$ cat structure35.pdb   # PDB, C-alpha atoms and all ligand atoms
ATOM      1  CA  MET A  13      90.903  -5.291 -23.411  1.00  0.00           C
ATOM      2  CA  GLU A  14      89.732  -3.021 -20.651  1.00  0.00           C
ATOM      3  CA  LYS A  15      86.018  -2.735 -20.371  1.00  0.00           C
ATOM      4  CA  GLU A  16      84.617   0.769 -20.166  1.00  0.00           C
ATOM      5  CA  ILE A  17      82.207   1.166 -17.313  1.00  0.00           C
ATOM      6  CA  LYS A  18      79.770   4.014 -17.626  1.00  0.00           C
ATOM      7  CA  GLN A  19      77.866   5.134 -14.606  1.00  0.00           C
ATOM      8  CA  CYS A  20      74.713   7.151 -14.556  1.00  0.00           C
ATOM      9  CA  ASN A  21      74.737  10.214 -12.345  1.00  0.00           C
ATOM     10  CA  CYS A  22      70.938  10.312 -12.129  1.00  0.00           C
ATOM     11  CA  LYS A  23      70.795   9.041  -8.581  1.00  0.00           C
ATOM     12  CA  LYS A  24      73.486  11.431  -7.402  1.00  0.00           C
ATOM     13  CA  GLU A  25      71.715  14.365  -9.080  1.00  0.00           C
ATOM     14  CA  LYS A  26      68.414  13.285  -7.596  1.00  0.00           C
ATOM     15  CA  ASP A  27      69.923  12.909  -4.151  1.00  0.00           C
ATOM     16  CA  SER A  28      71.621  16.293  -4.222  1.00  0.00           C
ATOM     17  CA  PHE A  29      68.447  17.979  -5.448  1.00  0.00           C
ATOM     18  CA  LEU A  30      66.387  16.469  -2.637  1.00  0.00           C
ATOM     19  CA  LYS A  31      69.108  17.155  -0.103  1.00  0.00           C
ATOM     20  CA  ASN A  32      69.083  20.833  -1.052  1.00  0.00           C
ATOM     21  CA  LEU A  33      65.298  20.906  -1.075  1.00  0.00           C
ATOM     22  CA  PHE A  34      65.102  19.404   2.403  1.00  0.00           C
ATOM     23  CA  GLN A  35      67.652  21.929   3.615  1.00  0.00           C
ATOM     24  CA  GLU A  36      65.636  24.776   2.154  1.00  0.00           C
ATOM     25  CA  TYR A  37      62.284  23.760   3.654  1.00  0.00           C
ATOM     26  CA  LEU A  38      61.430  22.778   7.192  1.00  0.00           C
ATOM     27  CA  PRO A  39      59.472  19.513   7.516  1.00  0.00           C
ATOM     28  CA  GLU A  40      56.131  21.283   7.834  1.00  0.00           C
ATOM     29  CA  LYS A  41      52.940  20.275   6.104  1.00  0.00           C
ATOM     30  CA  ASP A  42      52.346  23.841   4.885  1.00  0.00           C
ATOM     31  CA  ASN A  43      55.432  23.553   2.687  1.00  0.00           C
ATOM     32  CA  LEU A  44      54.001  20.727   0.590  1.00  0.00           C
ATOM     33  CA  ILE A  45      52.719  22.763  -2.376  1.00  0.00           C
ATOM     34  CA  GLN A  46      55.825  24.901  -2.641  1.00  0.00           C
ATOM     35  CA  MET A  47      58.062  21.830  -2.507  1.00  0.00           C
ATOM     36  CA  LEU A  48      55.940  20.105  -5.138  1.00  0.00           C
ATOM     37  CA  ASN A  49      56.312  23.187  -7.343  1.00  0.00           C
ATOM     38  CA  GLU A  50      60.077  22.929  -7.092  1.00  0.00           C
ATOM     39  CA  ILE A  51      60.034  19.185  -7.763  1.00  0.00           C
ATOM     40  CA  GLN A  52      57.800  19.643 -10.801  1.00  0.00           C
ATOM     41  CA  GLU A  53      60.086  22.351 -12.126  1.00  0.00           C
ATOM     42  CA  HIS A  54      63.247  20.310 -11.553  1.00  0.00           C
ATOM     43  CA  PHE A  55      62.132  16.933 -12.937  1.00  0.00           C
ATOM     44  CA  GLY A  56      59.384  18.114 -15.288  1.00  0.00           C
ATOM     45  CA  TYR A  57      56.988  15.895 -13.298  1.00  0.00           C
ATOM     46  CA  VAL A  58      56.591  14.500  -9.791  1.00  0.00           C
ATOM     47  CA  PRO A  59      58.100  10.997  -9.752  1.00  0.00           C
ATOM     48  CA  MET A  60      56.610   8.419  -7.386  1.00  0.00           C
ATOM     49  CA  HIS A  61      59.908   7.763  -5.616  1.00  0.00           C
ATOM     50  CA  VAL A  62      60.179  11.497  -4.849  1.00  0.00           C
ATOM     51  CA  GLN A  63      56.618  11.519  -3.497  1.00  0.00           C
ATOM     52  CA  LYS A  64      57.701   8.732  -1.188  1.00  0.00           C
ATOM     53  CA  GLU A  65      60.703  10.665   0.094  1.00  0.00           C
ATOM     54  CA  LEU A  66      58.556  13.757   0.524  1.00  0.00           C
ATOM     55  CA  SER A  67      55.984  11.736   2.426  1.00  0.00           C
ATOM     56  CA  GLU A  68      58.661  10.533   4.855  1.00  0.00           C
ATOM     57  CA  TYR A  69      60.196  13.976   5.224  1.00  0.00           C
ATOM     58  CA  LEU A  70      56.939  15.856   5.847  1.00  0.00           C
ATOM     59  CA  GLY A  71      55.180  13.043   7.690  1.00  0.00           C
ATOM     60  CA  ILE A  72      52.278  13.204   5.243  1.00  0.00           C
ATOM     61  CA  PRO A  73      50.719   9.947   3.946  1.00  0.00           C
ATOM     62  CA  MET A  74      51.597   9.058   0.341  1.00  0.00           C
ATOM     63  CA  ALA A  75      47.892   8.957  -0.550  1.00  0.00           C
ATOM     64  CA  GLU A  76      47.512  12.578   0.499  1.00  0.00           C
ATOM     65  CA  ILE A  77      50.493  13.709  -1.555  1.00  0.00           C
ATOM     66  CA  TYR A  78      49.261  11.705  -4.533  1.00  0.00           C
ATOM     67  CA  GLY A  79      45.843  13.338  -4.101  1.00  0.00           C
ATOM     68  CA  VAL A  80      47.378  16.819  -4.249  1.00  0.00           C
ATOM     69  CA  VAL A  81      49.545  15.983  -7.274  1.00  0.00           C
ATOM     70  CA  THR A  82      46.591  14.620  -9.217  1.00  0.00           C
ATOM     71  CA  PHE A  83      44.252  17.444  -8.154  1.00  0.00           C
ATOM     72  CA  TYR A  84      46.275  20.353  -9.524  1.00  0.00           C
ATOM     73  CA  SER A  85      46.803  20.417 -13.271  1.00  0.00           C
ATOM     74  CA  ARG A  86      50.204  22.063 -12.921  1.00  0.00           C
ATOM     75  CA  PHE A  87      51.591  18.830 -11.460  1.00  0.00           C
ATOM     76  CA  SER A  88      52.008  15.699 -13.504  1.00  0.00           C
ATOM     77  CA  LEU A  89      52.873  12.088 -12.768  1.00  0.00           C
ATOM     78  CA  GLU A  90      54.551  11.452 -16.103  1.00  0.00           C
ATOM     79  CA  PRO A  91      57.473  13.187 -17.799  1.00  0.00           C
ATOM     80  CA  GLN A  92      56.160  16.026 -19.935  1.00  0.00           C
ATOM     81  CA  GLY A  93      57.163  16.991 -23.448  1.00  0.00           C
ATOM     82  CA  LYS A  94      59.174  20.124 -24.172  1.00  0.00           C
ATOM     83  CA  TYR A  95      56.016  21.623 -25.658  1.00  0.00           C
ATOM     84  CA  LYS A  96      52.770  21.115 -23.811  1.00  0.00           C
ATOM     85  CA  ILE A  97      49.887  21.743 -26.203  1.00  0.00           C
ATOM     86  CA  SER A  98      46.501  22.056 -24.555  1.00  0.00           C
ATOM     87  CA  VAL A  99      43.264  22.314 -26.467  1.00  0.00           C
ATOM     88  CA  CYS A 100      40.338  23.844 -24.622  1.00  0.00           C
ATOM     89  CA  LEU A 101      37.240  21.693 -24.786  1.00  0.00           C
ATOM     90  CA  GLY A 102      35.181  23.939 -22.519  1.00  0.00           C
ATOM     91  CA  THR A 103      31.709  24.842 -23.756  1.00  0.00           C
ATOM     92  CA  ALA A 104      32.544  28.115 -25.539  1.00  0.00           C
ATOM     93  CA  CYS A 105      35.495  26.557 -27.352  1.00  0.00           C
ATOM     94  CA  PHE A 106      33.709  23.314 -28.063  1.00  0.00           C
ATOM     95  CA  VAL A 107      30.771  25.004 -29.812  1.00  0.00           C
ATOM     96  CA  LYS A 108      33.283  26.913 -31.933  1.00  0.00           C
ATOM     97  CA  GLY A 109      34.896  23.691 -33.122  1.00  0.00           C
ATOM     98  CA  SER A 110      37.812  22.994 -30.773  1.00  0.00           C
ATOM     99  CA  GLN A 111      37.231  19.236 -31.094  1.00  0.00           C
ATOM    100  CA  LYS A 112      38.401  19.487 -34.718  1.00  0.00           C
ATOM    101  CA  ILE A 113      41.616  21.111 -33.497  1.00  0.00           C
ATOM    102  CA  MET A 114      42.106  18.336 -30.965  1.00  0.00           C
ATOM    103  CA  ASP A 115      41.424  15.687 -33.622  1.00  0.00           C
ATOM    104  CA  ARG A 116      43.980  17.269 -35.925  1.00  0.00           C
ATOM    105  CA  LEU A 117      46.540  17.425 -33.127  1.00  0.00           C
ATOM    106  CA  THR A 118      46.157  13.783 -32.082  1.00  0.00           C
ATOM    107  CA  ASP A 119      46.185  12.783 -35.732  1.00  0.00           C
ATOM    108  CA  ARG A 120      49.412  14.617 -36.500  1.00  0.00           C
ATOM    109  CA  LEU A 121      51.302  13.649 -33.350  1.00  0.00           C
ATOM    110  CA  LYS A 122      49.888  10.100 -33.209  1.00  0.00           C
ATOM    111  CA  ILE A 123      49.247  10.306 -29.470  1.00  0.00           C
ATOM    112  CA  GLU A 124      46.195  10.818 -27.285  1.00  0.00           C
ATOM    113  CA  PRO A 125      45.523  13.540 -24.692  1.00  0.00           C
ATOM    114  CA  GLY A 126      47.674  12.915 -21.626  1.00  0.00           C
ATOM    115  CA  GLN A 127      50.437  11.299 -23.690  1.00  0.00           C
ATOM    116  CA  THR A 128      53.878  12.468 -24.783  1.00  0.00           C
ATOM    117  CA  THR A 129      55.553  11.784 -28.117  1.00  0.00           C
ATOM    118  CA  GLU A 130      58.420   9.301 -28.038  1.00  0.00           C
ATOM    119  CA  ASP A 131      60.977  11.984 -28.875  1.00  0.00           C
ATOM    120  CA  GLY A 132      59.864  13.857 -25.741  1.00  0.00           C
ATOM    121  CA  LEU A 133      58.927  16.980 -27.687  1.00  0.00           C
ATOM    122  CA  PHE A 134      55.152  17.163 -27.388  1.00  0.00           C
ATOM    123  CA  THR A 135      52.536  16.455 -24.759  1.00  0.00           C
ATOM    124  CA  ILE A 136      48.854  16.831 -25.570  1.00  0.00           C
ATOM    125  CA  GLU A 137      46.384  17.912 -22.941  1.00  0.00           C
ATOM    126  CA  GLN A 138      42.750  18.848 -22.942  1.00  0.00           C
ATOM    127  CA  THR A 139      41.553  21.655 -20.728  1.00  0.00           C
ATOM    128  CA  ARG A 140      38.199  22.977 -19.607  1.00  0.00           C
ATOM    129  CA  CYS A 141      38.174  26.747 -20.060  1.00  0.00           C
ATOM    130  CA  VAL A 142      41.343  28.751 -19.698  1.00  0.00           C
ATOM    131  CA  GLY A 143      39.400  31.952 -19.070  1.00  0.00           C
ATOM    132  CA  ALA A 144      39.679  33.224 -22.641  1.00  0.00           C
ATOM    133  CA  CYS A 145      36.200  32.301 -23.877  1.00  0.00           C
ATOM    134  CA  GLY A 146      35.966  35.551 -25.873  1.00  0.00           C
ATOM    135  CA  LEU A 147      38.773  34.187 -28.047  1.00  0.00           C
ATOM    136  CA  ALA A 148      37.213  30.748 -28.555  1.00  0.00           C
ATOM    137  CA  PRO A 149      38.291  28.345 -29.838  1.00  0.00           C
ATOM    138  CA  VAL A 150      41.541  28.374 -27.949  1.00  0.00           C
ATOM    139  CA  PHE A 151      44.646  26.238 -27.628  1.00  0.00           C
ATOM    140  CA  THR A 152      47.804  26.934 -25.661  1.00  0.00           C
ATOM    141  CA  VAL A 153      51.449  26.024 -26.096  1.00  0.00           C
ATOM    142  CA  ASN A 154      53.346  26.043 -22.800  1.00  0.00           C
ATOM    143  CA  GLY A 155      50.732  28.438 -21.465  1.00  0.00           C
ATOM    144  CA  GLU A 156      50.822  30.850 -24.418  1.00  0.00           C
ATOM    145  CA  VAL A 157      47.274  31.358 -25.654  1.00  0.00           C
ATOM    146  CA  TYR A 158      46.338  31.059 -29.341  1.00  0.00           C
ATOM    147  CA  GLY A 159      42.849  32.478 -29.727  1.00  0.00           C
ATOM    148  CA  LYS A 160      40.343  32.390 -32.605  1.00  0.00           C
ATOM    149  CA  ALA A 161      42.196  29.220 -33.474  1.00  0.00           C
ATOM    150  CA  SER A 162      41.644  26.894 -36.392  1.00  0.00           C
ATOM    151  CA  VAL A 163      43.075  23.668 -37.728  1.00  0.00           C
ATOM    152  CA  GLN A 164      45.193  25.779 -40.102  1.00  0.00           C
ATOM    153  CA  LYS A 165      46.532  27.862 -37.230  1.00  0.00           C
ATOM    154  CA  LEU A 166      47.406  24.719 -35.310  1.00  0.00           C
ATOM    155  CA  ASP A 167      49.206  23.306 -38.360  1.00  0.00           C
ATOM    156  CA  GLN A 168      51.164  26.514 -38.706  1.00  0.00           C
ATOM    157  CA  VAL A 169      52.234  26.571 -35.037  1.00  0.00           C
ATOM    158  CA  LEU A 170      53.093  22.870 -35.082  1.00  0.00           C
ATOM    159  CA  ASP A 171      55.147  23.217 -38.280  1.00  0.00           C
ATOM    160  CA  GLU A 172      57.062  26.134 -36.778  1.00  0.00           C
ATOM    161  CA  LEU A 173      57.907  24.136 -33.657  1.00  0.00           C
ATOM    162  CA  ILE A 174      58.911  21.039 -35.612  1.00  0.00           C
ATOM    163  CA  ASN A 175      61.128  23.098 -37.936  1.00  0.00           C
ATOM    164  CA  LYS A 176      62.684  24.905 -35.008  1.00  0.00           C
ATOM    165  CA  GLU A 177      63.621  21.566 -33.436  1.00  0.00           C
ATOM    166  CA  LYS A 178      65.171  20.314 -36.696  1.00  0.00           C
ATOM    167  CA  GLN A 179      67.631  23.236 -36.807  1.00  0.00           C
TER     168      GLN A 179
HETATM  169  S1  LIG A 201      35.722  27.549 -22.822  1.00  0.00           S
HETATM  170 FE1  LIG A 201      37.646  27.685 -23.797  1.00  0.00          FE
HETATM  171  S2  LIG A 201      38.504  29.432 -22.897  1.00  0.00           S
HETATM  172 FE2  LIG A 201      36.618  29.274 -21.898  1.00  0.00          FE
END

$ encode --input "structure35.pdb" --output "structure tokens" --more "lines below"
Ligand code: FES
Amino acid sequence: MEKEIKQCNCKKEKDSFLKNLFQEYLPEKDNLIQMLNEIQEHFGYVPMHVQKELSEYLGIPMAEIYGVVTFYSRFSLEPQGKYKISVCLGTACFVKGSQKIMDRLTDRLKIEPGQTTEDGLFTIEQTRCVGACGLAPVFTVNGEVYGKASVQKLDQVLDELINKEKQ
């Protein structure tokens, strides 16, 4: 019987993405952030092997690139869930009970801040002030702000997302 051999195209896709990226941008240090933005958007995070290729292409040490990736919250080192839920634990939100919202979220999704559910749907993050203190407590889903939030509101939003994904 003939054995079926399946091959993953991941490497090819990765290579063609980077090839295009390197064609689009000159190897100049000033292009780092913009290239990282594109990498984050394409992969959903900034993989280490891509940081290495970027380091070689731009002539910037890996440590420096890693420093930039970990400094800006819009970049991540791990694959992110389809829905990124961030609970603000800044002072204004905290005094209005945002910790309870965070506790409910980690309890329901069974993961901690910084982690992603196994099905790849949800990532939990904690933030420090998203500039909407007047609406405290606040949580966001993929950047959309839910103000004057409560555990009930979180449950409602979470249920809607879970049901949407079941359809
Ligand atoms: S402290 Fe939460 S929005 Fe400012």

$ closest_atom_pairs --input "structure35.pdb" --of "chain A" --to "ligand LIG 201 (chain A)" --cutoff "12 Å" --atoms "all atoms listed in the file" --output "CSV"
residue,atom,partner,partner_atom,distance
A:Ser98,CA,A:LIG201,FE1,10.5
A:Val99,CA,A:LIG201,FE1,8.2
A:Cys100,CA,A:LIG201,FE1,4.8
A:Leu101,CA,A:LIG201,FE1,6.1
A:Gly102,CA,A:LIG201,S1,3.7
A:Thr103,CA,A:LIG201,S1,4.9
A:Ala104,CA,A:LIG201,S1,4.2
A:Cys105,CA,A:LIG201,FE1,4.3
A:Phe106,CA,A:LIG201,S1,7.0
A:Val107,CA,A:LIG201,S1,8.9
A:Lys108,CA,A:LIG201,FE1,9.3
A:Gly109,CA,A:LIG201,FE1,10.5
A:Ser110,CA,A:LIG201,FE1,8.4
A:Gln111,CA,A:LIG201,FE1,11.2
A:Gln138,CA,A:LIG201,FE1,10.2
A:Thr139,CA,A:LIG201,FE1,7.8
A:Arg140,CA,A:LIG201,S1,6.1
A:Cys141,CA,A:LIG201,FE2,3.5
A:Val142,CA,A:LIG201,S2,4.3
A:Gly143,CA,A:LIG201,S2,4.7
A:Ala144,CA,A:LIG201,S2,4.0
A:Cys145,CA,A:LIG201,FE2,3.6
A:Gly146,CA,A:LIG201,S2,7.3
A:Leu147,CA,A:LIG201,S2,7.0
A:Ala148,CA,A:LIG201,FE1,5.7
A:Pro149,CA,A:LIG201,FE1,6.1
A:Val150,CA,A:LIG201,FE1,5.7
A:Phe151,CA,A:LIG201,FE1,8.1
A:Thr152,CA,A:LIG201,S2,10.0
A:Val157,CA,A:LIG201,S2,9.4
A:Tyr158,CA,A:LIG201,S2,10.3
A:Gly159,CA,A:LIG201,S2,8.6
A:Lys160,CA,A:LIG201,S2,10.3
A:Ala161,CA,A:LIG201,FE1,10.8

$ resolve_selection --input "structure35.pdb" --expression "the PyMOL selection byres (((chain A and resi 58) around 12) and not hetatm)" --output "ChimeraX atom specification"
/A:45,47-57,59-66,77-78,80-82,84-92

$ axis_aligned_box --input "structure35.pdb" --around "stretch 39-56 of chain A" --padding-each-side "4 Å" --output "lines of an AutoDock Vina configuration file"
center_x = 57.8
center_y = 20.9
center_z = -3.7
size_x = 18.9
size_y = 16.0
size_z = 31.1

$ closest_residue --input "structure35.pdb" --among "A:Arg120, A:Glu137, A:Tyr95, A:Thr129" --to "A:Lys176" --atoms "only C-alpha atoms"
A:Tyr95

$ atom_distance --input "structure35.pdb" --atom1 "atom CA of A:Gly155" --atom2 "atom CA of A:Lys96"
8.0 Å

$ residues_around --input "structure35.pdb" --residues "A:Asp131" --least-positions-apart "3" --cutoff "10 Å" --atoms "all atoms listed in the file" --output "mmCIF file with C-alpha atoms, in the frame of the given file"
data_model
loop_
_atom_site.group_PDB
_atom_site.id
_atom_site.type_symbol
_atom_site.label_atom_id
_atom_site.label_comp_id
_atom_site.auth_asym_id
_atom_site.auth_seq_id
_atom_site.Cartn_x
_atom_site.Cartn_y
_atom_site.Cartn_z
ATOM 1 C CA GLY A 93 57.163 16.991 -23.448
ATOM 2 C CA LYS A 94 59.174 20.124 -24.172
ATOM 3 C CA THR A 128 53.878 12.468 -24.783
ATOM 4 C CA PHE A 134 55.152 17.163 -27.388
#

$ atom_distance --input "structure35.pdb" --atom1 "atom CA of A:Tyr37" --atom2 "atom CA of A:Phe83"
22.5 Å

$ residues_around --input "structure35.pdb" --residues "A:Asp167" --least-positions-apart "6" --cutoff "10 Å" --atoms "only C-alpha atoms" --output "list of chain:residue names"
A:Ile113, A:Arg116, A:Leu117, A:Arg120, A:Leu173

$ atom_distance --input "structure35.pdb" --atom1 "atom CA of A:Asn32" --atom2 "atom CA of A:Gly71"
18.2 Å

$ residues_around --input "structure35.pdb" --residues "A:Ile174" --least-positions-apart "5" --cutoff "10 Å" --atoms "all atoms listed in the file" --output "ChimeraX atom specification"
/A:133-134,168-169,179

$ decode --input "structure35.pdb" --residues "stretch 82-176 of chain A" --atoms "C-alpha atoms" --output "mmCIF file, in the first residue's frame"
data_model
loop_
_atom_site.group_PDB
_atom_site.id
_atom_site.type_symbol
_atom_site.label_atom_id
_atom_site.label_comp_id
_atom_site.auth_asym_id
_atom_site.auth_seq_id
_atom_site.Cartn_x
_atom_site.Cartn_y
_atom_site.Cartn_z
ATOM 1 C CA THR A 82 9.067 42.935 25.217
ATOM 2 C CA PHE A 83 8.861 46.699 25.821
ATOM 3 C CA TYR A 84 5.818 47.416 23.664
ATOM 4 C CA SER A 85 2.589 45.736 24.701
ATOM 5 C CA ARG A 86 1.394 45.467 21.108
ATOM 6 C CA PHE A 87 4.076 42.846 20.439
ATOM 7 C CA SER A 88 3.977 39.410 21.969
ATOM 8 C CA LEU A 89 6.354 36.470 22.163
ATOM 9 C CA GLU A 90 3.633 33.839 22.293
ATOM 10 C CA PRO A 91 0.783 33.074 19.901
ATOM 11 C CA GLN A 92 -2.260 35.088 20.913
ATOM 12 C CA GLY A 93 -5.860 33.963 21.145
ATOM 13 C CA LYS A 94 -8.487 35.113 18.663
ATOM 14 C CA TYR A 95 -9.950 37.257 21.437
ATOM 15 C CA LYS A 96 -7.570 39.192 23.627
ATOM 16 C CA ILE A 97 -9.369 40.169 26.828
ATOM 17 C CA SER A 98 -7.567 42.733 28.938
ATOM 18 C CA VAL A 99 -8.707 43.785 32.372
ATOM 19 C CA CYS A 100 -7.472 47.143 33.599
ATOM 20 C CA LEU A 101 -5.908 46.944 37.029
ATOM 21 C CA GLY A 102 -4.860 50.593 37.106
ATOM 22 C CA THR A 103 -5.744 52.527 40.250
ATOM 23 C CA ALA A 104 -9.111 53.953 39.146
ATOM 24 C CA CYS A 105 -10.309 50.573 37.895
ATOM 25 C CA PHE A 106 -8.852 48.664 40.799
ATOM 26 C CA VAL A 107 -10.674 50.742 43.428
ATOM 27 C CA LYS A 108 -13.894 50.149 41.497
ATOM 28 C CA GLY A 109 -13.450 46.385 41.696
ATOM 29 C CA SER A 110 -11.657 45.323 38.509
ATOM 30 C CA GLN A 111 -9.818 42.570 40.407
ATOM 31 C CA LYS A 112 -13.160 40.765 40.784
ATOM 32 C CA ILE A 113 -13.589 40.911 37.008
ATOM 33 C CA MET A 114 -10.105 39.510 36.516
ATOM 34 C CA ASP A 115 -10.770 36.751 39.063
ATOM 35 C CA ARG A 116 -13.975 35.810 37.278
ATOM 36 C CA LEU A 117 -12.200 35.761 33.923
ATOM 37 C CA THR A 118 -9.328 33.537 35.065
ATOM 38 C CA ASP A 119 -11.821 31.317 36.848
ATOM 39 C CA ARG A 120 -14.011 30.840 33.790
ATOM 40 C CA LEU A 121 -11.226 30.390 31.244
ATOM 41 C CA LYS A 122 -8.968 28.392 33.594
ATOM 42 C CA ILE A 123 -5.869 30.335 32.567
ATOM 43 C CA GLU A 124 -3.788 33.099 34.109
ATOM 44 C CA PRO A 125 -2.971 36.559 32.715
ATOM 45 C CA GLY A 126 -0.486 36.212 29.864
ATOM 46 C CA GLN A 127 -1.828 32.782 28.893
ATOM 47 C CA THR A 128 -3.970 31.557 26.011
ATOM 48 C CA THR A 129 -6.663 28.891 26.158
ATOM 49 C CA GLU A 130 -5.789 25.577 24.531
ATOM 50 C CA ASP A 131 -8.368 26.065 21.784
ATOM 51 C CA GLY A 132 -6.572 29.297 20.834
ATOM 52 C CA LEU A 133 -9.677 31.420 21.353
ATOM 53 C CA PHE A 134 -8.852 33.547 24.381
ATOM 54 C CA THR A 135 -5.833 35.323 25.789
ATOM 55 C CA ILE A 136 -6.045 37.119 29.118
ATOM 56 C CA GLU A 137 -4.004 40.210 29.795
ATOM 57 C CA GLN A 138 -3.854 42.734 32.568
ATOM 58 C CA THR A 139 -3.302 46.371 31.743
ATOM 59 C CA ARG A 140 -2.478 49.496 33.696
ATOM 60 C CA CYS A 141 -4.855 52.254 32.620
ATOM 61 C CA VAL A 142 -6.189 52.381 29.099
ATOM 62 C CA GLY A 143 -7.027 56.072 29.413
ATOM 63 C CA ALA A 144 -10.708 55.520 30.179
ATOM 64 C CA CYS A 145 -10.618 56.041 33.949
ATOM 65 C CA GLY A 146 -13.958 57.895 33.847
ATOM 66 C CA LEU A 147 -15.532 54.596 32.797
ATOM 67 C CA ALA A 148 -13.843 52.502 35.495
ATOM 68 C CA PRO A 149 -13.818 49.602 35.910
ATOM 69 C CA VAL A 150 -12.851 48.757 32.377
ATOM 70 C CA PHE A 151 -12.004 45.689 30.332
ATOM 71 C CA THR A 152 -11.311 45.438 26.619
ATOM 72 C CA VAL A 153 -11.838 42.757 24.003
ATOM 73 C CA ASN A 154 -9.460 43.125 21.058
ATOM 74 C CA GLY A 155 -9.164 46.800 21.932
ATOM 75 C CA GLU A 156 -12.907 47.469 22.224
ATOM 76 C CA VAL A 157 -13.566 49.133 25.566
ATOM 77 C CA TYR A 158 -16.290 47.920 27.945
ATOM 78 C CA GLY A 159 -16.741 50.595 30.587
ATOM 79 C CA LYS A 160 -18.628 50.639 33.904
ATOM 80 C CA ALA A 161 -17.991 46.923 33.754
ATOM 81 C CA SER A 162 -19.068 44.248 36.186
ATOM 82 C CA VAL A 163 -18.711 40.515 36.601
ATOM 83 C CA GLN A 164 -22.179 40.172 35.038
ATOM 84 C CA LYS A 165 -21.151 42.251 32.038
ATOM 85 C CA LEU A 166 -18.045 40.134 31.589
ATOM 86 C CA ASP A 167 -20.138 36.952 31.764
ATOM 87 C CA GLN A 168 -22.482 38.335 29.149
ATOM 88 C CA VAL A 169 -19.668 39.288 26.746
ATOM 89 C CA LEU A 170 -17.888 35.975 27.289
ATOM 90 C CA ASP A 171 -21.087 33.974 26.710
ATOM 91 C CA GLU A 172 -21.739 35.877 23.488
ATOM 92 C CA LEU A 173 -18.244 35.134 22.192
ATOM 93 C CA ILE A 174 -18.392 31.468 23.176
ATOM 94 C CA ASN A 175 -21.808 31.057 21.527
ATOM 95 C CA LYS A 176 -20.626 32.836 18.412
#
